[in-house]
Amino acid sequence: MRCLVLTTILILTTGPVLAHSGAVPAPPAPSPTPRQAKPVGFKLEKLTANAYCLYGRGGNVGFLVTDAGVVVVDDQYEEVAQGIVDQIRTVTDRPIRFLVNTHYHGDHTGGNPVFIKMAEIVAHDAVRPRLLEYPEAVKKAFPDRKRRLQEEIDAIGDATDPYRVALEKDLGLLDFLLKDALSFNPATAAPPGLTYDGRMRLWLGGQEVDVLHVAPGHTDGDSMVYFAKEKVLHMGDLFFNGMYPFIDVWAGGSARGYVTNIDQILSLVPPDTKVIPGHGPTTDVATLRRFRSFMSDLIAAVEKAAKAGRSKPEAVRSISMDQYPEIKPTFRTLGNEIAVVYDELTPAR
Ligand SMILES: [Zn+2]
C-alpha cells in the first residue's frame, strides 16, 4: 500500500531529521531498504507541562495531553504508528481523541490506518482528495514529466552542474511519488473524516487547539497547529529546521506561500512560543523568523536574477545564500529552491 513505498524513501540519519513522503531526503540516497530493516529510535521531548514532540521515522509528531484526551499532530508511517501510540502511553492513559494531518505526505499521514481506529482525523479540505484521488493524477502525469526531466538532465554534460543536480533530485522525487501512487490502495486508505477550510478550533479538557490554513505553501493543504495554553506551535512542513524545504509544487506548493504562512502565524503567537518543525529539532520563534528571512531573501535574489534577464539554469548557477550557513542541503539543494522560485515568479516563460 501507499505508505509502504514511502518507507523506501526514508532518511536514515539519527535524530529528528527524517523522512518525507515523495521527498527523498538525502544523504543517503533513497534505497529499497525494507521498512523493518532499521528499528525506530523514538525520542520523546517534553516541551511544556502538557505538550510533547516525538521524533521517530518521518515528520515530527506533536501531541497535547488534556484531562479529556490527547490531540496528536501527524503520525509518520503505518509501521511505526503503534510505536507512536506506545510512546504516548508512556505519559498518559487518556484516550487519543484527535489526530491532525498537517498535509497529505505519507510521512505525516502514513499512520492514519492505525489512528483512525481510535481518533477523529482532522485536516484541511485539500488533504482528503490528495490522499484519495491524487494518486490517479500522478499515475497519468508523472511518466511524461519524468521523461522530460531526463531529457533535460541528459542535455547537461557536466554531472556537477548545480542545475543538473537539482533536476536529478526532482527526478528522484517524481520516481518515488509515482511508485507511491502505483502502490496506492484506496480500500485501505484512512483519510481525514473531518476537514476544514481557513481555521478551526478543537476544545478539549480546558485546552484550545487552533488549526490554521493560510495559503498554499508546502502543499495546497497545509495546516499549522497551535496548542494555545501551552504556547506550542506545530508548523508541519511549512518549516524545515536546518535544511532546505521541499516545496511540493506538483501538489500546489508555493515559495511565496511559505512567507505568507509564517508571517501570519508570527502575528498570532507570542514570541516565547516553542516551535515544532515538520523536520528537524524543535526550536523557537527566532529560528522560525530566520527561516522566513531565508525564504524572502531567496525570493528577492531570484527576482533580481530574473529581472536581469538570467535564465533559470543561470539563476541556479549564480545565486548563493551563504549568509544562511545553518540551512543545509539534504534531499533538496539550493538549486531546487531557486528553480521553484524562478518558475513561480516567471510563470509565462
Ligand atoms: Zn511534507
# chains A, B, ... in the order shown; residues from 1 in each chain; ligands from 1

call {"tool": "residues_around", "arguments": {"residues": "stretch 71-88 of chain A", "least_positions_apart": "3", "cutoff": "7 Å", "atoms": "only C-alpha atoms", "output": "MDAnalysis selection string"}}
result
chainID A and resid 3 57:59 61:65 91:92 96:102 106:114

call {"tool": "write_last_selection", "arguments": {"atoms": "C-alpha atoms", "output": "PDB file, in the first residue's frame"}}
result
ATOM      1  CA  CYS A   3       2.859   4.176   2.787  1.00  0.00           C
ATOM      2  CA  ARG A  57      10.775   7.997  11.404  1.00  0.00           C
ATOM      3  CA  GLY A  58       9.031  10.620   9.332  1.00  0.00           C
ATOM      4  CA  GLY A  59       7.622  14.031  10.120  1.00  0.00           C
ATOM      5  CA  VAL A  61       4.820  14.193  15.883  1.00  0.00           C
ATOM      6  CA  GLY A  62       3.448  16.737  18.351  1.00  0.00           C
ATOM      7  CA  PHE A  63       0.903  15.886  20.974  1.00  0.00           C
ATOM      8  CA  LEU A  64      -1.066  17.576  23.716  1.00  0.00           C
ATOM      9  CA  VAL A  65      -2.325  15.758  26.790  1.00  0.00           C
ATOM     10  CA  VAL A  91       2.952   9.690  29.575  1.00  0.00           C
ATOM     11  CA  THR A  92      -0.831   9.263  29.653  1.00  0.00           C
ATOM     12  CA  ILE A  96      -6.377   9.696  21.813  1.00  0.00           C
ATOM     13  CA  ARG A  97      -9.266  11.813  20.588  1.00  0.00           C
ATOM     14  CA  PHE A  98      -7.994  13.771  17.593  1.00  0.00           C
ATOM     15  CA  LEU A  99      -5.255  13.381  15.053  1.00  0.00           C
ATOM     16  CA  VAL A 100      -4.403  16.345  12.823  1.00  0.00           C
ATOM     17  CA  ASN A 101      -2.710  15.685   9.466  1.00  0.00           C
ATOM     18  CA  THR A 102      -0.697  18.826   8.670  1.00  0.00           C
ATOM     19  CA  GLY A 106       2.871   9.891   3.637  1.00  0.00           C
ATOM     20  CA  ASP A 107       5.493  10.575   6.288  1.00  0.00           C
ATOM     21  CA  HIS A 108       2.833  12.646   8.082  1.00  0.00           C
ATOM     22  CA  THR A 109      -0.270  10.561   7.295  1.00  0.00           C
ATOM     23  CA  GLY A 110       1.027   7.019   6.934  1.00  0.00           C
ATOM     24  CA  GLY A 111      -0.137   6.067  10.423  1.00  0.00           C
ATOM     25  CA  ASN A 112      -3.750   7.011   9.679  1.00  0.00           C
ATOM     26  CA  PRO A 113      -4.941   3.382   9.322  1.00  0.00           C
ATOM     27  CA  VAL A 114      -3.874   2.820  12.930  1.00  0.00           C
TER      28      VAL A 114
END

call {"tool": "select_by_dssp", "arguments": {"residues": "stretch 103-312 of chain A", "states": "helix (DSSP H, G or I)", "output": "ChimeraX atom specification"}}
result
/A:106-109,112-115,127-132,134-154,162-182,186-188,236-238,249-251,255-266,285-307,312

call {"tool": "residues_near_ligand", "arguments": {"ligand": "ligand 1", "cutoff": "8 Å", "atoms": "only C-alpha atoms and all ligand atoms", "output": "ChimeraX atom specification"}}
result
/A:20-21,23,59,103-108,218-219,236-237,246,248,278

call {"tool": "select_by_dssp", "arguments": {"residues": "stretch 150-315 of chain A", "states": "strand (DSSP E or B)", "output": "PyMOL selection string"}}
result
chain A and resi 194-196+199-204+207-212+224-227+232-234+240+243+274-276+279+283-284

call {"tool": "write_last_selection", "arguments": {"atoms": "N, CA and C atoms", "output": "compact mmCIF listing (two decimals), in the first residue's frame"}}
result
# COMPACT_ATOMS: atom_id res chain seq x y z
N LEU A 194 -12.83 14.63 9.10
CA LEU A 194 -13.28 15.97 9.49
C LEU A 194 -12.33 16.97 8.83
N THR A 195 -12.85 17.73 7.86
CA THR A 195 -11.98 18.67 7.15
C THR A 195 -12.51 20.09 7.29
N TYR A 196 -11.64 21.04 7.04
CA TYR A 196 -11.99 22.44 7.25
C TYR A 196 -11.29 23.30 6.21
N ARG A 199 -9.88 28.06 9.23
CA ARG A 199 -9.43 27.91 10.60
C ARG A 199 -10.45 27.09 11.39
N MET A 200 -9.98 26.24 12.25
CA MET A 200 -10.89 25.56 13.16
C MET A 200 -10.24 25.46 14.54
N ARG A 201 -11.08 25.29 15.52
CA ARG A 201 -10.55 25.14 16.88
C ARG A 201 -11.10 23.85 17.47
N LEU A 202 -10.22 23.14 18.14
CA LEU A 202 -10.63 21.97 18.92
C LEU A 202 -10.56 22.37 20.38
N TRP A 203 -11.57 21.98 21.12
CA TRP A 203 -11.61 22.29 22.55
C TRP A 203 -11.65 20.98 23.31
N LEU A 204 -10.71 20.82 24.18
CA LEU A 204 -10.61 19.53 24.85
C LEU A 204 -9.98 19.73 26.22
N GLN A 207 -8.39 22.92 27.13
CA GLN A 207 -7.33 23.39 26.23
C GLN A 207 -7.91 23.78 24.87
N GLU A 208 -7.29 24.78 24.28
CA GLU A 208 -7.69 25.23 22.94
C GLU A 208 -6.60 24.84 21.95
N VAL A 209 -7.02 24.21 20.88
CA VAL A 209 -6.07 23.85 19.82
C VAL A 209 -6.53 24.55 18.53
N ASP A 210 -5.72 25.46 18.06
CA ASP A 210 -6.04 26.19 16.82
C ASP A 210 -5.42 25.47 15.64
N VAL A 211 -6.24 25.20 14.64
CA VAL A 211 -5.76 24.56 13.41
C VAL A 211 -5.99 25.57 12.29
N LEU A 212 -4.90 25.95 11.64
CA LEU A 212 -4.97 27.12 10.76
C LEU A 212 -4.39 26.81 9.38
N MET A 224 -1.22 24.61 10.17
CA MET A 224 -0.37 24.87 11.33
C MET A 224 -1.24 24.63 12.56
N VAL A 225 -0.67 24.07 13.60
CA VAL A 225 -1.46 23.69 14.77
C VAL A 225 -0.85 24.32 16.01
N TYR A 226 -1.69 25.04 16.75
CA TYR A 226 -1.18 25.79 17.91
C TYR A 226 -1.89 25.34 19.18
N PHE A 227 -1.11 24.84 20.12
CA PHE A 227 -1.64 24.50 21.45
C PHE A 227 -1.56 25.78 22.27
N VAL A 232 2.70 26.18 22.25
CA VAL A 232 3.47 25.26 21.41
C VAL A 232 2.83 25.23 20.03
N LEU A 233 3.66 25.44 19.02
CA LEU A 233 3.18 25.53 17.63
C LEU A 233 3.81 24.40 16.80
N HIS A 234 2.97 23.67 16.10
CA HIS A 234 3.47 22.67 15.13
C HIS A 234 3.27 23.26 13.74
N PHE A 240 11.10 23.67 7.79
CA PHE A 240 12.15 22.67 7.92
C PHE A 240 13.26 23.35 8.71
N MET A 243 17.45 22.91 7.27
CA MET A 243 17.61 22.31 5.93
C MET A 243 16.70 23.01 4.94
N LYS A 274 7.13 27.80 21.63
CA LYS A 274 8.02 26.73 21.18
C LYS A 274 7.51 26.21 19.84
N VAL A 275 8.44 26.00 18.92
CA VAL A 275 8.04 25.71 17.54
C VAL A 275 8.55 24.33 17.12
N ILE A 276 7.59 23.46 16.79
CA ILE A 276 7.94 22.14 16.24
C ILE A 276 7.93 22.25 14.72
N HIS A 279 10.30 18.88 10.10
CA HIS A 279 11.53 18.09 10.17
C HIS A 279 12.61 18.92 10.84
N THR A 283 12.33 24.16 18.10
CA THR A 283 13.13 25.36 18.29
C THR A 283 12.24 26.51 18.77
N ASP A 284 12.68 27.72 18.46
CA ASP A 284 11.98 28.90 18.97
C ASP A 284 11.50 29.79 17.82

call {"tool": "residues_around", "arguments": {"residues": "stretch 303-308 of chain A", "least_positions_apart": "2", "cutoff": "12 Å", "atoms": "only C-alpha atoms", "output": "count of residues only"}}
result
29

call {"tool": "closest_residue", "arguments": {"among": "A:Asp67, A:Glu136, A:Glu120, A:Asp272", "to": "A:Arg94", "atoms": "only C-alpha atoms"}}
result
A:Asp67

call {"tool": "atom_distance", "arguments": {"atom1": "atom CA of A:Ala51", "atom2": "atom CA of A:Ala228"}}
result
10.6 Å

call {"tool": "closest_residue", "arguments": {"among": "A:Met295, A:Arg164, A:Pro281, A:Gly335", "to": "A:Lys43", "atoms": "only C-alpha atoms"}}
result
A:Pro281

call {"tool": "atom_distance", "arguments": {"atom1": "atom CA of A:Glu168", "atom2": "atom CA of A:Gly221"}}
result
26.2 Å

call {"tool": "atom_distance", "arguments": {"atom1": "atom CA of A:Ala49", "atom2": "atom CA of A:Thr273"}}
result
13.7 Å

call {"tool": "residues_around", "arguments": {"residues": "A:Leu132", "least_positions_apart": "6", "cutoff": "8 Å", "atoms": "only C-alpha atoms", "output": "list in words"}}
result
Pro186, Ala189 and Pro191 of chain A

call {"tool": "closest_residue", "arguments": {"among": "A:Gly56, A:Gly257, A:Gly41, A:Pro143", "to": "A:Leu177", "atoms": "only C-alpha atoms"}}
result
A:Pro143
